[in-house]
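See structure below.
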Amino acid sequence: MDLQLIGRRALITGSTSGLGEATARLLAREGAAVVVHGRSAERARAVADSIAADGGKASIAVGDLATDAGADATAEDALAGGDVDILVNNAGAYEHLNWADATADIWQDTYDINVVSGVRMIQRLVPAMREREYGRVVTIGGGLSTQPFNSHPHYNASLAARHNLAVSLARDLAGTRVTSNVVAPGAILVPAVRDFLVKLSPGRGWGETWEEIEYNSVREIVPNDRVRYGRPEEIAGAVAYLCGPYAEYISGATIRVDGGTVRGAF
């Protein structure tokens with residue numbers, strides 16, 4: 001299926017690894033010129049060069065989006081190659097903490113990294129999209145926004161804020177050809193998640209092979225209809241669809257890509 005992204009430019013924040021990297025690679029394969037973003041120029045360049053080696057178009061933007069200066073630098077780098085038609089707000093972070101360990105300072109830092117970072121890029125790039133009468137903003141959210149764990153409270157709350165701001169933005173963009181939507185992943189198998197599960201397995205009795213660990217840990221931690229973890233490419237596919245013209249009638253929506261982890265018809 002041709003998603004009609006040829007000629008579009010896309011900035012994917014936090015795209016030197018994981019979901020962001022998978023999204024950058026897929027958008028490039030679909031014909032978009034992608035801007036790979038990270039805090040490390042070396043890591044961003046490695047991904048961009050790999051995309052280019054595969055026949056795609058890629059440049060880099062470097063900056064810490066938790067600061068205004070970093071957001072300014074990122075926007076300047078991204079716009080150096082032309083207009084940005086697509087903004088994928090993927091950048092974010094979390095620590096494995098519970099209520100006792102997640103201090104108020106950690107809550108504040110998490111909010112700045114996971115929420116205000118996206119606001120900074122929206123404010124720097126979306127006004128021009130509005131003027132050009134075309135644009136796509138896709139925010140990466142998550143099921144913990146609506147079904148939070150008892151642990152990771154700081155992260156759960158920041159995800160809820162990401163969903164909320166994306167819908168508010170959609171309402172603000174009413175009547176334009178710029179859309180704002182959310183892709184909400186479930187538990188996705190990135191290297192850090194796999195390493196974490198393998199370390200936990202001996203104490204949980206999940207098994208020795210990865211197949212055993214995946215099956216048993218999913219059933220215990222994140223039960224879902226597929227009985228597995230998602231893959232980054234599956235998130236990227238949902239993002240890519242929202243970036244094209246076939247998704248122009250989708251506004252303020254949340255597309256769950258979680259294997260059925262979130263239990264509910266609505």
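We name chains A, B, ... following the order of the structure tokens; residues begin at 1 in each chain, and ligands are numbered from 1 as shown.
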
Quiz item: Using only C-alpha atoms, which residues sit within 8 Å of stretch 144-156 of chain A once same-chain residues fewer than 5 positions away are excluded, as a ChimeraX atom specification?
Solution: /A:94-99,102,106-107,110-111,161,163,262

Can I get the selection written as a PDB file, in the first residue's frame, with N, CA, C and O atoms?
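Produced file result.pdb, reproduced below:
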```
ATOM      1  N   TYR A  94      11.789   6.923  31.281  1.00  0.00           N
ATOM      2  CA  TYR A  94      11.223   6.579  32.585  1.00  0.00           C
ATOM      3  C   TYR A  94      12.229   5.733  33.355  1.00  0.00           C
ATOM      4  O   TYR A  94      13.128   5.137  32.775  1.00  0.00           O
ATOM      5  N   GLU A  95      12.037   5.707  34.659  1.00  0.00           N
ATOM      6  CA  GLU A  95      12.831   4.854  35.534  1.00  0.00           C
ATOM      7  C   GLU A  95      11.897   3.865  36.211  1.00  0.00           C
ATOM      8  O   GLU A  95      10.713   4.158  36.429  1.00  0.00           O
ATOM      9  N   HIS A  96      12.425   2.692  36.539  1.00  0.00           N
ATOM     10  CA  HIS A  96      11.627   1.675  37.228  1.00  0.00           C
ATOM     11  C   HIS A  96      11.547   2.023  38.712  1.00  0.00           C
ATOM     12  O   HIS A  96      12.370   1.587  39.518  1.00  0.00           O
ATOM     13  N   LEU A  97      10.546   2.831  39.064  1.00  0.00           N
ATOM     14  CA  LEU A  97      10.399   3.308  40.438  1.00  0.00           C
ATOM     15  C   LEU A  97       8.973   3.091  40.928  1.00  0.00           C
ATOM     16  O   LEU A  97       8.022   3.087  40.135  1.00  0.00           O
ATOM     17  N   ASN A  98       8.827   2.945  42.232  1.00  0.00           N
ATOM     18  CA  ASN A  98       7.497   2.836  42.826  1.00  0.00           C
ATOM     19  C   ASN A  98       7.159   4.146  43.540  1.00  0.00           C
ATOM     20  O   ASN A  98       7.913   5.116  43.497  1.00  0.00           O
ATOM     21  N   TRP A  99       6.009   4.157  44.224  1.00  0.00           N
ATOM     22  CA  TRP A  99       5.571   5.381  44.879  1.00  0.00           C
ATOM     23  C   TRP A  99       6.557   5.853  45.946  1.00  0.00           C
ATOM     24  O   TRP A  99       6.752   7.055  46.145  1.00  0.00           O
ATOM     25  N   ALA A 102       9.797   7.310  43.837  1.00  0.00           N
ATOM     26  CA  ALA A 102       9.609   8.382  42.852  1.00  0.00           C
ATOM     27  C   ALA A 102       9.375   9.699  43.585  1.00  0.00           C
ATOM     28  O   ALA A 102       8.252  10.045  43.951  1.00  0.00           O
ATOM     29  N   ILE A 106      11.720  13.807  40.791  1.00  0.00           N
ATOM     30  CA  ILE A 106      11.675  12.861  39.684  1.00  0.00           C
ATOM     31  C   ILE A 106      10.375  13.031  38.904  1.00  0.00           C
ATOM     32  O   ILE A 106      10.368  12.984  37.664  1.00  0.00           O
ATOM     33  N   TRP A 107       9.279  13.246  39.611  1.00  0.00           N
ATOM     34  CA  TRP A 107       8.009  13.526  38.925  1.00  0.00           C
ATOM     35  C   TRP A 107       8.159  14.747  38.021  1.00  0.00           C
ATOM     36  O   TRP A 107       7.729  14.720  36.857  1.00  0.00           O
ATOM     37  N   THR A 110      10.386  13.999  35.010  1.00  0.00           N
ATOM     38  CA  THR A 110       9.684  13.117  34.083  1.00  0.00           C
ATOM     39  C   THR A 110       8.664  13.891  33.262  1.00  0.00           C
ATOM     40  O   THR A 110       8.530  13.692  32.044  1.00  0.00           O
ATOM     41  N   TYR A 111       7.939  14.797  33.911  1.00  0.00           N
ATOM     42  CA  TYR A 111       6.939  15.600  33.204  1.00  0.00           C
ATOM     43  C   TYR A 111       7.612  16.487  32.160  1.00  0.00           C
ATOM     44  O   TYR A 111       7.128  16.616  31.029  1.00  0.00           O
ATOM     45  N   ALA A 161      -0.957  12.709  30.381  1.00  0.00           N
ATOM     46  CA  ALA A 161      -0.831  14.090  29.922  1.00  0.00           C
ATOM     47  C   ALA A 161      -0.539  14.152  28.427  1.00  0.00           C
ATOM     48  O   ALA A 161      -1.035  15.032  27.721  1.00  0.00           O
ATOM     49  N   HIS A 163      -1.550  12.040  26.129  1.00  0.00           N
ATOM     50  CA  HIS A 163      -2.820  11.800  25.438  1.00  0.00           C
ATOM     51  C   HIS A 163      -3.680  13.061  25.468  1.00  0.00           C
ATOM     52  O   HIS A 163      -4.266  13.457  24.463  1.00  0.00           O
ATOM     53  N   VAL A 262      -5.363  -3.328  26.758  1.00  0.00           N
ATOM     54  CA  VAL A 262      -6.412  -2.475  27.314  1.00  0.00           C
ATOM     55  C   VAL A 262      -7.745  -3.142  27.059  1.00  0.00           C
ATOM     56  O   VAL A 262      -8.125  -3.389  25.906  1.00  0.00           O
TER      57      VAL A 262
END
```

Quiz prompt | Residue contacts of A:Gln4 (9 Å, only C-alpha atoms) excluding same-chain residues fewer than 2 positions away, as JSON, numbers by chain | solution = {"A": [1, 2, 6, 7, 8, 30, 31, 32, 244, 245, 246]}

Show me a table, sorted first by chain and then by increasing residue number, of the residues of stretch 221-259 of chain A having an atom at most 8 Å from stretch 182-202 of chain A, each with its shortest atom pair and the distance in Å to one decimal, counting only C-alpha atoms and written as CSV.
```
residue,atom,partner,partner_atom,distance
A:Val222,CA,A:Ala187,CA,7.2
A:Tyr229,CA,A:Ile188,CA,5.3
A:Gly230,CA,A:Ile188,CA,4.5
A:Arg231,CA,A:Leu189,CA,5.5
A:Pro232,CA,A:Ile188,CA,6.5
A:Ile235,CA,A:Pro185,CA,6.5
A:Ala238,CA,A:Val183,CA,6.9
A:Val239,CA,A:Val183,CA,6.6
A:Gly252,CA,A:Val182,CA,7.3
A:Ala253,CA,A:Val182,CA,6.1
A:Thr254,CA,A:Val182,CA,4.6
A:Ile255,CA,A:Val183,CA,4.9
A:Arg256,CA,A:Ala184,CA,4.7
A:Val257,CA,A:Pro185,CA,4.8
A:Asp258,CA,A:Gly186,CA,3.9
A:Gly259,CA,A:Gly186,CA,7.1
```

Practice problem: Pull the alpha helix (DSSP H) assignments for stretch 135-167 of chain A out of DSSP run on the backbone, and list those residues as number ranges by chain. | Solution: A: 153-167

Could you save the residues just selected, with N, CA and C atoms, as a compact mmCIF listing (two decimals), in the first residue's frame?
```txt
# COMPACT_ATOMS: atom_id res chain seq x y z
N PRO A 153 4.44 5.42 38.88
CA PRO A 153 3.35 6.41 38.89
C PRO A 153 3.69 7.68 38.12
N HIS A 154 4.96 8.09 38.19
CA HIS A 154 5.39 9.30 37.49
C HIS A 154 5.27 9.14 35.98
N TYR A 155 5.58 7.94 35.50
CA TYR A 155 5.50 7.67 34.06
C TYR A 155 4.04 7.53 33.62
N ASN A 156 3.25 6.79 34.40
CA ASN A 156 1.84 6.64 34.07
C ASN A 156 1.17 8.00 33.87
N ALA A 157 1.41 8.90 34.81
CA ALA A 157 0.77 10.21 34.77
C ALA A 157 1.24 11.03 33.57
N SER A 158 2.53 10.91 33.23
CA SER A 158 3.04 11.66 32.08
C SER A 158 2.42 11.16 30.78
N LEU A 159 2.16 9.86 30.69
CA LEU A 159 1.49 9.33 29.50
C LEU A 159 0.07 9.89 29.37
N ALA A 160 -0.63 9.96 30.49
CA ALA A 160 -1.99 10.52 30.46
C ALA A 160 -1.96 11.96 29.95
N ALA A 161 -0.96 12.71 30.38
CA ALA A 161 -0.83 14.09 29.92
C ALA A 161 -0.54 14.15 28.43
N ARG A 162 0.26 13.23 27.93
CA ARG A 162 0.55 13.21 26.49
C ARG A 162 -0.72 12.98 25.68
N HIS A 163 -1.55 12.04 26.13
CA HIS A 163 -2.82 11.80 25.44
C HIS A 163 -3.68 13.06 25.47
N ASN A 164 -3.77 13.68 26.63
CA ASN A 164 -4.63 14.84 26.80
C ASN A 164 -4.19 16.00 25.92
N LEU A 165 -2.90 16.28 25.88
CA LEU A 165 -2.44 17.42 25.09
C LEU A 165 -2.66 17.18 23.60
N ALA A 166 -2.53 15.91 23.17
CA ALA A 166 -2.73 15.61 21.76
C ALA A 166 -4.17 15.87 21.33
N VAL A 167 -5.12 15.53 22.20
CA VAL A 167 -6.53 15.78 21.87
C VAL A 167 -6.84 17.27 21.92
```

Can you list, as a tab-separated table (two decimals) with N, CA and C atoms, in the first residue's frame, every protein, DNA or RNA residue that comes within 10 Å of A:Ser180 when you count only C-alpha atoms, leaving out same-chain residues fewer than 5 positions away?
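Generated file (selection07.tsv):
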```tsv
chain	number	residue	atom	x	y	z
A	87	LEU	N	5.40	15.70	12.44
A	87	LEU	CA	6.10	15.68	13.71
A	87	LEU	C	5.63	14.47	14.50
A	88	VAL	N	6.55	13.57	14.80
A	88	VAL	CA	6.25	12.42	15.64
A	88	VAL	C	6.91	12.65	16.99
A	135	GLY	N	-0.31	19.24	7.66
A	135	GLY	CA	0.61	18.75	8.69
A	135	GLY	C	0.04	17.58	9.44
A	136	ARG	N	0.93	16.83	10.05
A	136	ARG	CA	0.54	15.69	10.88
A	136	ARG	C	1.37	15.72	12.16
A	137	VAL	N	0.68	15.60	13.30
A	137	VAL	CA	1.35	15.45	14.58
A	137	VAL	C	0.89	14.13	15.18
A	138	VAL	N	1.82	13.26	15.45
A	138	VAL	CA	1.51	11.96	16.06
A	138	VAL	C	2.27	11.87	17.37
A	139	THR	N	1.54	11.69	18.44
A	139	THR	CA	2.14	11.56	19.77
A	139	THR	C	2.14	10.10	20.17
A	165	LEU	N	-2.90	16.28	25.88
A	165	LEU	CA	-2.44	17.42	25.09
A	165	LEU	C	-2.66	17.18	23.60
A	166	ALA	N	-2.53	15.91	23.17
A	166	ALA	CA	-2.73	15.61	21.76
A	166	ALA	C	-4.17	15.87	21.33
A	167	VAL	N	-5.12	15.53	22.20
A	167	VAL	CA	-6.53	15.78	21.87
A	167	VAL	C	-6.84	17.27	21.92
A	168	SER	N	-6.29	17.96	22.92
A	168	SER	CA	-6.47	19.41	22.99
A	168	SER	C	-5.94	20.08	21.73
A	169	LEU	N	-4.78	19.63	21.26
A	169	LEU	CA	-4.21	20.18	20.03
A	169	LEU	C	-5.12	19.92	18.84
A	170	ALA	N	-5.70	18.73	18.77
A	170	ALA	CA	-6.62	18.41	17.67
A	170	ALA	C	-7.80	19.39	17.65
A	171	ARG	N	-8.33	19.72	18.83
A	171	ARG	CA	-9.43	20.67	18.89
A	171	ARG	C	-8.98	22.06	18.42
A	172	ASP	N	-7.76	22.42	18.77
A	172	ASP	CA	-7.23	23.73	18.36
A	172	ASP	C	-7.01	23.80	16.86
A	173	LEU	N	-6.76	22.64	16.23
A	173	LEU	CA	-6.49	22.59	14.79
A	173	LEU	C	-7.76	22.40	13.96
A	174	ALA	N	-8.90	22.45	14.60
A	174	ALA	CA	-10.17	22.27	13.88
A	174	ALA	C	-10.27	23.24	12.70
A	242	LEU	N	-1.11	7.16	10.03
A	242	LEU	CA	-1.63	8.45	10.48
A	242	LEU	C	-0.95	9.63	9.80
A	243	CYS	N	0.24	9.40	9.25
A	243	CYS	CA	1.00	10.48	8.63
A	243	CYS	C	0.54	10.79	7.21
A	248	GLU	N	-6.70	11.57	6.98
A	248	GLU	CA	-7.06	12.97	7.19
A	248	GLU	C	-8.36	13.13	7.98
A	250	ILE	N	-9.15	11.42	10.57
A	250	ILE	CA	-8.91	10.95	11.94
A	250	ILE	C	-8.34	12.11	12.74
A	251	SER	N	-9.03	12.49	13.80
A	251	SER	CA	-8.62	13.65	14.58
A	251	SER	C	-8.84	13.39	16.06
A	252	GLY	N	-7.81	13.63	16.85
A	252	GLY	CA	-7.92	13.46	18.29
A	252	GLY	C	-8.16	12.03	18.71
A	253	ALA	N	-7.74	11.10	17.89
A	253	ALA	CA	-8.00	9.68	18.14
A	253	ALA	C	-6.80	9.01	18.79
A	254	THR	N	-7.09	7.92	19.47
A	254	THR	CA	-6.03	7.06	20.00
A	254	THR	C	-6.11	5.71	19.32
```
